[in-house]
>>> print(open('input.cif').read())   # mmCIF, C-alpha atoms
data_work
loop_
_atom_site.group_PDB
_atom_site.id
_atom_site.type_symbol
_atom_site.label_atom_id
_atom_site.label_comp_id
_atom_site.auth_asym_id
_atom_site.auth_seq_id
_atom_site.Cartn_x
_atom_site.Cartn_y
_atom_site.Cartn_z
ATOM 1 C CA MET A 1 4.732 -23.452 -32.518
ATOM 2 C CA ILE A 2 2.544 -26.197 -31.015
ATOM 3 C CA CYS A 3 2.445 -25.484 -27.303
ATOM 4 C CA SER A 4 1.243 -28.943 -26.267
ATOM 5 C CA ALA A 5 4.239 -30.536 -27.934
ATOM 6 C CA ALA A 6 6.834 -28.116 -26.554
ATOM 7 C CA LEU A 7 8.190 -28.949 -23.129
ATOM 8 C CA ALA A 8 10.864 -26.260 -22.725
ATOM 9 C CA ILE A 9 9.397 -23.068 -24.188
ATOM 10 C CA SER A 10 9.471 -19.801 -22.273
ATOM 11 C CA VAL A 11 6.537 -18.448 -20.296
ATOM 12 C CA ALA A 12 6.247 -15.568 -22.784
ATOM 13 C CA ASP A 13 6.106 -17.951 -25.762
ATOM 14 C CA ARG A 14 3.511 -20.117 -24.092
ATOM 15 C CA ALA A 15 1.397 -17.035 -23.361
ATOM 16 C CA LEU A 16 1.570 -16.088 -27.022
ATOM 17 C CA CYS A 17 0.408 -19.580 -27.990
ATOM 18 C CA ASP A 18 -2.449 -19.809 -25.529
ATOM 19 C CA GLU A 19 -5.648 -17.828 -25.795
ATOM 20 C CA TYR A 20 -5.614 -15.450 -22.838
ATOM 21 C CA PRO A 21 -7.364 -15.858 -20.506
ATOM 22 C CA SER A 22 -8.199 -19.539 -20.463
ATOM 23 C CA LYS A 23 -8.564 -19.985 -16.693
ATOM 24 C CA PRO A 24 -9.490 -17.936 -13.600
ATOM 25 C CA ILE A 25 -7.425 -14.862 -12.692
ATOM 26 C CA ARG A 26 -6.335 -14.050 -9.120
ATOM 27 C CA LEU A 27 -6.303 -10.485 -7.811
ATOM 28 C CA VAL A 28 -4.054 -10.687 -4.756
ATOM 29 C CA THR A 29 -4.606 -7.880 -2.278
ATOM 30 C CA SER A 30 -4.469 -7.017 1.406
ATOM 31 C CA LEU A 31 -6.962 -7.500 4.209
ATOM 32 C CA PRO A 32 -10.727 -7.376 3.562
ATOM 33 C CA GLY A 33 -12.369 -4.006 4.029
ATOM 34 C CA GLY A 34 -9.412 -1.834 3.064
ATOM 35 C CA SER A 35 -9.175 0.530 0.121
ATOM 36 C CA ALA A 36 -7.142 -1.904 -2.010
ATOM 37 C CA ASP A 37 -9.655 -4.681 -1.315
ATOM 38 C CA PHE A 38 -12.491 -2.414 -2.436
ATOM 39 C CA VAL A 39 -10.664 -1.485 -5.649
ATOM 40 C CA ALA A 40 -9.876 -5.145 -6.338
ATOM 41 C CA ARG A 41 -13.510 -6.183 -5.945
ATOM 42 C CA VAL A 42 -14.861 -3.439 -8.205
ATOM 43 C CA ILE A 43 -12.284 -4.262 -10.883
ATOM 44 C CA GLY A 44 -12.686 -8.020 -10.488
ATOM 45 C CA GLN A 45 -16.433 -7.870 -10.870
ATOM 46 C CA GLY A 46 -16.140 -5.562 -13.859
ATOM 47 C CA ILE A 47 -13.661 -7.580 -15.911
ATOM 48 C CA THR A 48 -15.100 -11.033 -15.205
ATOM 49 C CA LEU A 49 -17.710 -10.793 -17.963
ATOM 50 C CA SER A 50 -15.490 -9.159 -20.582
ATOM 51 C CA LEU A 51 -12.635 -11.631 -20.070
ATOM 52 C CA GLY A 52 -14.959 -14.626 -19.920
ATOM 53 C CA GLN A 53 -13.221 -16.094 -16.870
ATOM 54 C CA PRO A 54 -13.792 -15.799 -13.107
ATOM 55 C CA VAL A 55 -11.670 -13.095 -11.483
ATOM 56 C CA ILE A 56 -11.099 -14.032 -7.857
ATOM 57 C CA VAL A 57 -10.064 -11.554 -5.162
ATOM 58 C CA GLU A 58 -7.585 -13.235 -2.827
ATOM 59 C CA ASN A 59 -7.014 -11.461 0.494
ATOM 60 C CA ARG A 60 -3.589 -12.349 1.881
ATOM 61 C CA GLY A 61 -2.987 -10.027 4.824
ATOM 62 C CA GLY A 62 -0.775 -6.997 5.224
ATOM 63 C CA GLY A 63 2.919 -6.234 5.200
ATOM 64 C CA PHE A 64 5.017 -7.649 2.380
ATOM 65 C CA ILE A 65 2.952 -10.823 1.886
ATOM 66 C CA THR A 66 0.975 -9.775 -1.185
ATOM 67 C CA GLY A 67 3.982 -8.356 -3.009
ATOM 68 C CA GLN A 68 6.019 -11.460 -2.244
ATOM 69 C CA ILE A 69 3.309 -13.758 -3.608
ATOM 70 C CA VAL A 70 2.911 -11.882 -6.872
ATOM 71 C CA SER A 71 6.623 -11.257 -7.430
ATOM 72 C CA ARG A 72 7.189 -15.039 -7.325
ATOM 73 C CA ALA A 73 4.181 -15.953 -9.472
ATOM 74 C CA VAL A 74 4.458 -17.180 -13.052
ATOM 75 C CA PRO A 75 4.308 -14.082 -15.306
ATOM 76 C CA ASP A 76 1.380 -15.288 -17.383
ATOM 77 C CA GLY A 77 -1.324 -12.766 -16.463
ATOM 78 C CA TYR A 78 -3.181 -15.063 -14.071
ATOM 79 C CA THR A 79 -1.827 -13.621 -10.818
ATOM 80 C CA LEU A 80 -2.089 -9.855 -10.329
ATOM 81 C CA LEU A 81 -1.459 -7.498 -7.438
ATOM 82 C CA VAL A 82 -3.820 -4.717 -6.344
ATOM 83 C CA ALA A 83 -1.867 -2.569 -3.911
ATOM 84 C CA PRO A 84 -1.742 0.876 -2.277
ATOM 85 C CA GLY A 85 1.331 3.101 -2.156
ATOM 86 C CA SER A 86 2.680 1.344 0.934
ATOM 87 C CA PHE A 87 3.652 -1.480 -1.448
ATOM 88 C CA TRP A 88 6.455 0.665 -2.881
ATOM 89 C CA VAL A 89 7.057 2.951 0.140
ATOM 90 C CA ALA A 90 7.348 0.331 2.913
ATOM 91 C CA PRO A 91 10.686 -0.987 1.541
ATOM 92 C CA PHE A 92 12.236 2.359 2.549
ATOM 93 C CA PHE A 93 11.559 1.427 6.186
ATOM 94 C CA GLN A 94 12.287 -2.290 6.166
ATOM 95 C CA LYS A 95 13.978 -4.758 3.843
ATOM 96 C CA ALA A 96 11.357 -6.264 1.533
ATOM 97 C CA PRO A 97 11.390 -9.690 -0.163
ATOM 98 C CA TYR A 98 10.845 -7.965 -3.518
ATOM 99 C CA ASP A 99 11.947 -4.943 -5.528
ATOM 100 C CA PRO A 100 8.835 -2.811 -6.207
ATOM 101 C CA VAL A 101 10.214 -1.736 -9.594
ATOM 102 C CA LYS A 102 12.289 -4.621 -10.961
ATOM 103 C CA ASP A 103 9.991 -7.451 -9.868
ATOM 104 C CA PHE A 104 6.714 -6.104 -11.276
ATOM 105 C CA SER A 105 5.115 -4.953 -14.513
ATOM 106 C CA PRO A 106 2.801 -1.929 -14.109
ATOM 107 C CA VAL A 107 -0.733 -2.472 -15.425
ATOM 108 C CA VAL A 108 -2.804 0.573 -14.449
ATOM 109 C CA LEU A 109 -3.136 3.302 -11.831
ATOM 110 C CA ALA A 110 -6.679 2.636 -10.647
ATOM 111 C CA VAL A 111 -7.582 5.402 -8.186
ATOM 112 C CA VAL A 112 -6.055 8.299 -6.281
ATOM 113 C CA ALA A 113 -7.190 9.653 -2.918
ATOM 114 C CA PRO A 114 -6.099 13.000 -1.465
ATOM 115 C CA ASN A 115 -6.063 13.485 2.275
ATOM 116 C CA VAL A 116 -7.593 16.434 4.066
ATOM 117 C CA LEU A 117 -5.802 18.495 6.730
ATOM 118 C CA VAL A 118 -7.969 18.944 9.809
ATOM 119 C CA VAL A 119 -7.541 20.449 13.259
ATOM 120 C CA HIS A 120 -9.369 19.789 16.512
ATOM 121 C CA ALA A 121 -12.141 22.320 17.166
ATOM 122 C CA SER A 122 -10.141 23.732 20.078
ATOM 123 C CA ILE A 123 -7.455 25.021 17.689
ATOM 124 C CA PRO A 124 -8.438 28.496 16.404
ATOM 125 C CA ALA A 125 -6.728 28.169 13.010
ATOM 126 C CA LYS A 126 -9.015 28.761 10.033
ATOM 127 C CA SER A 127 -6.338 28.317 7.355
ATOM 128 C CA VAL A 128 -3.041 26.565 6.704
ATOM 129 C CA LYS A 129 -1.204 29.847 7.218
ATOM 130 C CA GLU A 130 -2.798 30.360 10.619
ATOM 131 C CA LEU A 131 -2.029 26.780 11.678
ATOM 132 C CA ILE A 132 1.624 27.193 10.734
ATOM 133 C CA ALA A 133 1.778 30.432 12.728
ATOM 134 C CA ILE A 134 0.333 28.709 15.813
ATOM 135 C CA ALA A 135 2.797 25.824 15.479
ATOM 136 C CA LYS A 136 5.769 28.176 15.088
ATOM 137 C CA ALA A 137 4.711 30.209 18.110
ATOM 138 C CA SER A 138 4.790 27.089 20.329
ATOM 139 C CA PRO A 139 7.269 24.529 18.941
ATOM 140 C CA GLY A 140 6.442 20.986 20.041
ATOM 141 C CA ALA A 141 3.145 21.965 21.651
ATOM 142 C CA LEU A 142 0.934 20.470 18.925
ATOM 143 C CA ASN A 143 0.583 16.756 18.239
ATOM 144 C CA TYR A 144 -0.516 15.090 15.018
ATOM 145 C CA ALA A 145 -2.287 11.739 14.907
ATOM 146 C CA ALA A 146 -1.334 9.081 12.346
ATOM 147 C CA SER A 147 -1.138 5.332 12.017
ATOM 148 C CA ALA A 148 1.994 3.268 11.343
ATOM 149 C CA PRO A 149 5.201 4.841 10.006
ATOM 150 C CA GLY A 150 5.058 5.020 6.221
ATOM 151 C CA ALA A 151 1.250 5.158 6.062
ATOM 152 C CA PRO A 152 -0.148 7.931 3.845
ATOM 153 C CA ASN A 153 -1.427 9.908 6.848
ATOM 154 C CA HIS A 154 2.036 9.746 8.456
ATOM 155 C CA LEU A 155 4.012 10.776 5.382
ATOM 156 C CA SER A 156 1.503 13.491 4.482
ATOM 157 C CA ALA A 157 2.028 15.045 7.910
ATOM 158 C CA GLU A 158 5.819 14.714 7.810
ATOM 159 C CA LEU A 159 5.939 16.430 4.415
ATOM 160 C CA PHE A 160 3.759 19.204 5.833
ATOM 161 C CA LYS A 161 6.142 19.582 8.796
ATOM 162 C CA SER A 162 9.173 19.669 6.521
ATOM 163 C CA LEU A 163 7.900 22.275 4.079
ATOM 164 C CA ALA A 164 6.318 24.438 6.782
ATOM 165 C CA GLY A 165 9.404 24.291 8.990
ATOM 166 C CA ILE A 166 7.398 23.487 12.110
ATOM 167 C CA ASN A 167 7.827 21.159 15.070
ATOM 168 C CA VAL A 168 4.687 19.119 15.690
ATOM 169 C CA VAL A 169 4.896 15.770 17.465
ATOM 170 C CA TYR A 170 3.941 12.444 15.870
ATOM 171 C CA VAL A 171 1.542 10.406 18.021
ATOM 172 C CA PRO A 172 1.358 6.911 16.455
ATOM 173 C CA TYR A 173 -1.738 4.704 16.620
ATOM 174 C CA LYS A 174 -2.314 1.088 15.624
ATOM 175 C CA SER A 175 -4.778 2.062 12.898
ATOM 176 C CA GLY A 176 -6.249 5.036 11.098
ATOM 177 C CA GLY A 177 -9.492 4.588 12.995
ATOM 178 C CA ALA A 178 -7.687 4.701 16.338
ATOM 179 C CA ALA A 179 -5.849 7.840 15.223
ATOM 180 C CA VAL A 180 -9.163 9.555 14.467
ATOM 181 C CA VAL A 181 -10.413 8.621 17.934
ATOM 182 C CA GLY A 182 -7.244 10.120 19.405
ATOM 183 C CA LEU A 183 -7.814 13.336 17.485
ATOM 184 C CA LEU A 184 -11.440 13.575 18.588
ATOM 185 C CA GLY A 185 -10.390 12.975 22.190
ATOM 186 C CA GLY A 186 -7.847 15.790 22.108
ATOM 187 C CA GLU A 187 -4.752 13.563 22.356
ATOM 188 C CA ALA A 188 -3.692 15.173 19.072
ATOM 189 C CA GLN A 189 -4.597 18.530 17.589
ATOM 190 C CA LEU A 190 -4.228 17.902 13.870
ATOM 191 C CA MET A 191 -4.324 15.112 11.336
ATOM 192 C CA LEU A 192 -4.158 14.437 7.610
ATOM 193 C CA ASP A 193 -6.369 11.549 6.516
ATOM 194 C CA THR A 194 -9.012 10.482 4.029
ATOM 195 C CA GLY A 195 -12.352 12.192 3.730
ATOM 196 C CA ALA A 196 -14.117 8.882 4.337
ATOM 197 C CA SER A 197 -12.581 8.757 7.828
ATOM 198 C CA LEU A 198 -12.932 12.427 8.716
ATOM 199 C CA MET A 199 -15.983 13.819 6.925
ATOM 200 C CA PRO A 200 -18.616 12.772 9.523
ATOM 201 C CA HIS A 201 -16.629 14.551 12.239
ATOM 202 C CA ILE A 202 -16.062 17.607 10.050
ATOM 203 C CA LYS A 203 -19.820 17.845 9.547
ATOM 204 C CA SER A 204 -20.430 17.478 13.283
ATOM 205 C CA GLY A 205 -18.075 20.372 14.021
ATOM 206 C CA LYS A 206 -15.722 18.337 16.215
ATOM 207 C CA ILE A 207 -12.870 18.988 13.796
ATOM 208 C CA ARG A 208 -12.262 21.679 11.174
ATOM 209 C CA ALA A 209 -11.036 21.063 7.616
ATOM 210 C CA LEU A 210 -8.390 23.494 6.354
ATOM 211 C CA ALA A 211 -7.030 22.137 3.073
ATOM 212 C CA VAL A 212 -6.496 19.137 0.796
ATOM 213 C CA THR A 213 -3.236 17.388 -0.017
ATOM 214 C CA SER A 214 -3.759 17.164 -3.772
ATOM 215 C CA ARG A 215 -1.934 19.514 -6.141
ATOM 216 C CA ALA A 216 -5.199 21.165 -7.205
ATOM 217 C CA GLN A 217 -8.642 21.450 -5.667
ATOM 218 C CA SER A 218 -10.470 18.129 -5.386
ATOM 219 C CA ALA A 219 -14.101 17.421 -6.174
ATOM 220 C CA LEU A 220 -14.081 15.255 -3.050
ATOM 221 C CA PHE A 221 -13.654 18.377 -0.891
ATOM 222 C CA PRO A 222 -15.423 21.276 -2.626
ATOM 223 C CA GLY A 223 -14.132 24.680 -1.598
ATOM 224 C CA LEU A 224 -11.041 23.493 0.270
ATOM 225 C CA PRO A 225 -7.771 24.938 -1.065
ATOM 226 C CA PRO A 226 -4.701 22.762 -1.677
ATOM 227 C CA ILE A 227 -1.966 22.916 0.940
ATOM 228 C CA GLY A 228 0.303 23.745 -1.998
ATOM 229 C CA ASP A 229 -1.322 27.170 -2.283
ATOM 230 C CA THR A 230 0.439 28.018 0.981
ATOM 231 C CA LEU A 231 3.403 25.637 0.740
ATOM 232 C CA PRO A 232 4.495 25.484 -2.922
ATOM 233 C CA GLY A 233 5.448 21.982 -4.015
ATOM 234 C CA TYR A 234 3.305 20.196 -1.462
ATOM 235 C CA GLU A 235 1.442 17.179 -2.826
ATOM 236 C CA ALA A 236 0.554 13.917 -1.102
ATOM 237 C CA VAL A 237 -1.970 11.673 -2.827
ATOM 238 C CA ALA A 238 -2.561 8.020 -1.962
ATOM 239 C CA MET A 239 -2.582 5.719 -4.988
ATOM 240 C CA THR A 240 -3.970 2.234 -5.542
ATOM 241 C CA ALA A 241 -2.716 0.382 -8.594
ATOM 242 C CA VAL A 242 -2.620 -2.960 -10.403
ATOM 243 C CA PHE A 243 0.611 -4.824 -11.149
ATOM 244 C CA ALA A 244 1.645 -8.102 -12.744
ATOM 245 C CA PRO A 245 4.856 -10.063 -12.169
ATOM 246 C CA ALA A 246 7.887 -8.817 -14.097
ATOM 247 C CA ALA A 247 8.282 -10.258 -17.617
ATOM 248 C CA THR A 248 4.532 -10.643 -18.157
ATOM 249 C CA PRO A 249 4.052 -10.418 -21.956
ATOM 250 C CA VAL A 250 3.234 -6.920 -23.192
ATOM 251 C CA ARG A 251 0.165 -8.085 -25.090
ATOM 252 C CA ILE A 252 -1.320 -9.434 -21.829
ATOM 253 C CA ILE A 253 -0.488 -6.230 -19.938
ATOM 254 C CA ASP A 254 -2.135 -4.182 -22.691
ATOM 255 C CA ARG A 255 -5.236 -6.389 -22.651
ATOM 256 C CA LEU A 256 -5.583 -6.080 -18.896
ATOM 257 C CA ASN A 257 -5.042 -2.327 -19.080
ATOM 258 C CA ARG A 258 -7.818 -1.951 -21.662
ATOM 259 C CA GLU A 259 -10.280 -4.077 -19.714
ATOM 260 C CA ILE A 260 -9.612 -2.374 -16.378
ATOM 261 C CA MET A 261 -9.765 1.067 -17.996
ATOM 262 C CA ARG A 262 -13.187 0.206 -19.358
ATOM 263 C CA VAL A 263 -14.369 -0.654 -15.831
ATOM 264 C CA LEU A 264 -12.896 2.542 -14.401
ATOM 265 C CA GLU A 265 -14.433 4.752 -17.066
ATOM 266 C CA GLN A 266 -17.858 3.119 -17.335
ATOM 267 C CA GLY A 267 -19.932 3.257 -14.188
ATOM 268 C CA SER A 268 -17.355 2.959 -11.408
ATOM 269 C CA GLN A 269 -16.651 6.621 -10.766
ATOM 270 C CA GLU A 270 -19.528 7.036 -8.328
ATOM 271 C CA LYS A 271 -18.540 3.920 -6.348
ATOM 272 C CA PHE A 272 -14.996 5.155 -5.904
ATOM 273 C CA PHE A 273 -16.083 8.727 -5.228
ATOM 274 C CA ALA A 274 -18.332 7.524 -2.416
ATOM 275 C CA SER A 275 -15.342 5.711 -0.894
ATOM 276 C CA GLY A 276 -13.174 8.848 -0.973
ATOM 277 C CA SER A 277 -11.230 8.138 -4.163
ATOM 278 C CA GLU A 278 -11.124 9.452 -7.706
ATOM 279 C CA VAL A 279 -10.624 7.335 -10.822
ATOM 280 C CA ALA A 280 -7.170 7.767 -12.362
ATOM 281 C CA GLY A 281 -6.487 5.314 -15.198
ATOM 282 C CA GLY A 282 -3.968 5.743 -17.994
ATOM 283 C CA PRO A 283 -1.462 3.459 -19.750
ATOM 284 C CA PRO A 284 1.064 1.275 -17.887
ATOM 285 C CA ALA A 285 3.834 3.803 -18.538
ATOM 286 C CA GLN A 286 1.850 6.441 -16.630
ATOM 287 C CA LEU A 287 1.695 4.191 -13.569
ATOM 288 C CA ALA A 288 5.432 3.501 -13.833
ATOM 289 C CA ALA A 289 6.138 7.245 -13.894
ATOM 290 C CA ALA A 290 3.800 7.892 -10.954
ATOM 291 C CA VAL A 291 5.471 5.193 -8.843
ATOM 292 C CA ASN A 292 8.924 6.515 -9.708
ATOM 293 C CA ALA A 293 7.935 10.082 -8.741
ATOM 294 C CA ASP A 294 6.290 8.860 -5.525
ATOM 295 C CA MET A 295 9.335 6.814 -4.519
ATOM 296 C CA THR A 296 11.643 9.743 -5.219
ATOM 297 C CA ARG A 297 9.518 12.150 -3.143
ATOM 298 C CA TRP A 298 9.019 9.868 -0.143
ATOM 299 C CA GLY A 299 12.485 8.343 -0.271
ATOM 300 C CA LYS A 300 14.041 11.786 0.068
ATOM 301 C CA LEU A 301 11.675 12.794 2.869
ATOM 302 C CA ILE A 302 12.267 9.560 4.804
ATOM 303 C CA LYS A 303 16.035 9.960 4.523
ATOM 304 C CA ASP A 304 16.150 13.693 5.259
ATOM 305 C CA ALA A 305 13.769 13.468 8.226
ATOM 306 C CA GLY A 306 15.391 10.308 9.576
ATOM 307 C CA LEU A 307 12.049 8.494 9.711
ATOM 308 C CA ARG A 308 12.136 4.969 11.110
ATOM 309 C CA ALA A 309 9.722 2.050 11.396
ATOM 310 C CA ASP A 310 10.110 1.761 15.160
#
>>> encode(input="input.cif", output="structure tokens")
Amino acid sequence: MICSAALAISVADRALCDEYPSKPIRLVTSLPGGSADFVARVIGQGITLSLGQPVIVENRGGGFITGQIVSRAVPDGYTLLVAPGSFWVAPFFQKAPYDPVKDFSPVVLAVVAPNVLVVHASIPAKSVKELIAIAKASPGALNYAASAPGAPNHLSAELFKSLAGINVVYVPYKSGGAAVVGLLGGEAQLMLDTGASLMPHIKSGKIRALAVTSRAQSALFPGLPPIGDTLPGYEAVAMTAVFAPAATPVRIIDRLNREIMRVLEQGSQEKFFASGSEVAGGPPAQLAAAVNADMTRWGKLIKDAGLRAD
């Protein structure tokens, strides 16, 4: 097939004819300064040299904007999405202009980030078991701080409430940073959030760390037990992943997976660790399975708990 002479060939056929990549690649992600933006910049810088083309990080705001852009892009490997778990969880709260499964091709699970369960220093609990006992003794007396509905710190706390069978009150804040301020000021008594947000205050003694939200102990929080040791089945880990539009040729997906995996495995671990994340990696099928499991877990919780966006 001579691509230059063919006017009506499919995108997949044209991709097979062309040498990929032959032009700059866009990594579409959310606002600057967030975790997805950081992941996109580390990956973009790392694969620019090996692919021989500029890889440009394109910040396009929050909400459904980034997913909408990539879902409508030509599936040729030149427009990719770097997104956190809210990309596939937010549609449970509000109708999205895309289907997080049908409209995208998984490329790679880049990093995972467990949250840490903390309490204000005024709360005497030294363990998850003790915290649950305090909450059960005074239903509705404790507040938990979190950002918008559907954010990892919100869902982590709601799953904790559900499995522990306790009544603690959700106090919403406009951002994770504002929620931390609310916790420090005593407006809330507990919170589940990233180590990057909470560690300075843990070290200062203003709040106390009790456990991590990962299934097993995390190197990010040495010595802290998993919540699952007390509440079997508990796991809540934030993920950031790379996707392409649906129908992107498999050979391009595989190439991107290999190149990004090389970046993740060679020299990026310390960068991500310092930001509160751990390198994940794996083949595209592993990301697809992780997203499916995450959607099943949170979809059930959102429905059973009657969680709403407003």
>>> atom_distance(input="input.cif", atom1="atom CA of Pro152 of chain A", atom2="atom CA of Leu131 of chain A")
20.5 Å
>>> resolve_selection(input="input.cif", expression="the PyMOL selection byres ((chain A and resi 116-118) around 6)", output="list in words")
Asn115, Val119, Leu190, Met191, Leu192, Asp193, Arg208, Ala209, Leu210, Ala211 and Val212 of chain A
>>> resolve_selection(input="input.cif", expression="the PyMOL selection byres ((chain A and resi 77-84) around 8)", output="PyMOL selection string")
chain A and resi 21+23-30+35-37+39-40+66-67+70+73-76+85-87+238-245+248+252-253
>>> residues_around(input="input.cif", residues="segment 281-291 of chain A", least_positions_apart="5", cutoff="7 Å", atoms="all atoms listed in the file", output="list in words")
Pro106, Val107, Val108, Leu109, Ala110, Asn257 and Met261 of chain A
>>> residues_around(input="input.cif", residues="Gly44 of chain A", least_positions_apart="6", cutoff="10 Å", atoms="all atoms listed in the file", output="list in words")
Ile25, Arg26, Leu27, Phe38, Pro54, Val55, Ile56, Val57, Ile260 and Val263 of chain A
>>> resolve_selection(input="input.cif", expression="the PyMOL selection byres ((chain A and resi 186) around 12)", output="PyMOL selection string")
chain A and resi 119-123+142-145+171+179-185+187-191+206-207
>>> atom_distance(input="input.cif", atom1="atom CA of Ala196 of chain A", atom2="atom CA of Trp298 of chain A")
23.6 Å
>>> closest_residue(input="input.cif", among="A:Ala178, A:Leu224, A:Val111, A:Met295", to="Leu264 of chain A", atoms="all atoms listed in the file")
A:Val111
>>> build_atoms(input="input.cif", residues="segment 120-131 of chain A", atoms="N, CA, C and O atoms", output="mmCIF file, in the frame of the given file")
data_model
loop_
_atom_site.group_PDB
_atom_site.id
_atom_site.type_symbol
_atom_site.label_atom_id
_atom_site.label_comp_id
_atom_site.auth_asym_id
_atom_site.auth_seq_id
_atom_site.Cartn_x
_atom_site.Cartn_y
_atom_site.Cartn_z
ATOM 1 N N HIS A 120 -8.359 19.925 15.468
ATOM 2 C CA HIS A 120 -9.369 19.789 16.512
ATOM 3 C C HIS A 120 -10.083 21.134 16.679
ATOM 4 O O HIS A 120 -9.480 22.195 16.476
ATOM 5 N N ALA A 121 -11.337 21.093 17.055
ATOM 6 C CA ALA A 121 -12.141 22.320 17.166
ATOM 7 C C ALA A 121 -11.562 23.313 18.167
ATOM 8 O O ALA A 121 -11.842 24.522 18.089
ATOM 9 N N SER A 122 -10.725 22.840 19.075
ATOM 10 C CA SER A 122 -10.141 23.732 20.078
ATOM 11 C C SER A 122 -9.013 24.594 19.510
ATOM 12 O O SER A 122 -8.601 25.571 20.150
ATOM 13 N N ILE A 123 -8.524 24.251 18.328
ATOM 14 C CA ILE A 123 -7.455 25.021 17.689
ATOM 15 C C ILE A 123 -8.102 26.129 16.857
ATOM 16 O O ILE A 123 -8.942 25.847 15.992
ATOM 17 N N PRO A 124 -7.744 27.392 17.065
ATOM 18 C CA PRO A 124 -8.438 28.496 16.404
ATOM 19 C C PRO A 124 -8.101 28.698 14.926
ATOM 20 O O PRO A 124 -8.732 29.528 14.271
ATOM 21 N N ALA A 125 -7.161 27.956 14.400
ATOM 22 C CA ALA A 125 -6.728 28.169 13.010
ATOM 23 C C ALA A 125 -7.875 27.937 12.030
ATOM 24 O O ALA A 125 -8.592 26.942 12.113
ATOM 25 N N LYS A 126 -8.017 28.887 11.087
ATOM 26 C CA LYS A 126 -9.015 28.761 10.033
ATOM 27 C C LYS A 126 -8.372 28.548 8.660
ATOM 28 O O LYS A 126 -9.072 28.450 7.664
ATOM 29 N N SER A 127 -7.050 28.501 8.617
ATOM 30 C CA SER A 127 -6.338 28.317 7.355
ATOM 31 C C SER A 127 -4.997 27.641 7.631
ATOM 32 O O SER A 127 -4.552 27.559 8.790
ATOM 33 N N VAL A 128 -4.366 27.179 6.567
ATOM 34 C CA VAL A 128 -3.041 26.565 6.704
ATOM 35 C C VAL A 128 -2.048 27.573 7.257
ATOM 36 O O VAL A 128 -1.230 27.262 8.130
ATOM 37 N N LYS A 129 -2.117 28.799 6.763
ATOM 38 C CA LYS A 129 -1.204 29.847 7.218
ATOM 39 C C LYS A 129 -1.348 30.092 8.712
ATOM 40 O O LYS A 129 -0.344 30.224 9.440
ATOM 41 N N GLU A 130 -2.567 30.135 9.197
ATOM 42 C CA GLU A 130 -2.798 30.360 10.619
ATOM 43 C C GLU A 130 -2.307 29.184 11.457
ATOM 44 O O GLU A 130 -1.751 29.364 12.546
ATOM 45 N N LEU A 131 -2.500 27.960 10.960
ATOM 46 C CA LEU A 131 -2.029 26.780 11.678
ATOM 47 C C LEU A 131 -0.511 26.787 11.799
ATOM 48 O O LEU A 131 0.042 26.499 12.859
#
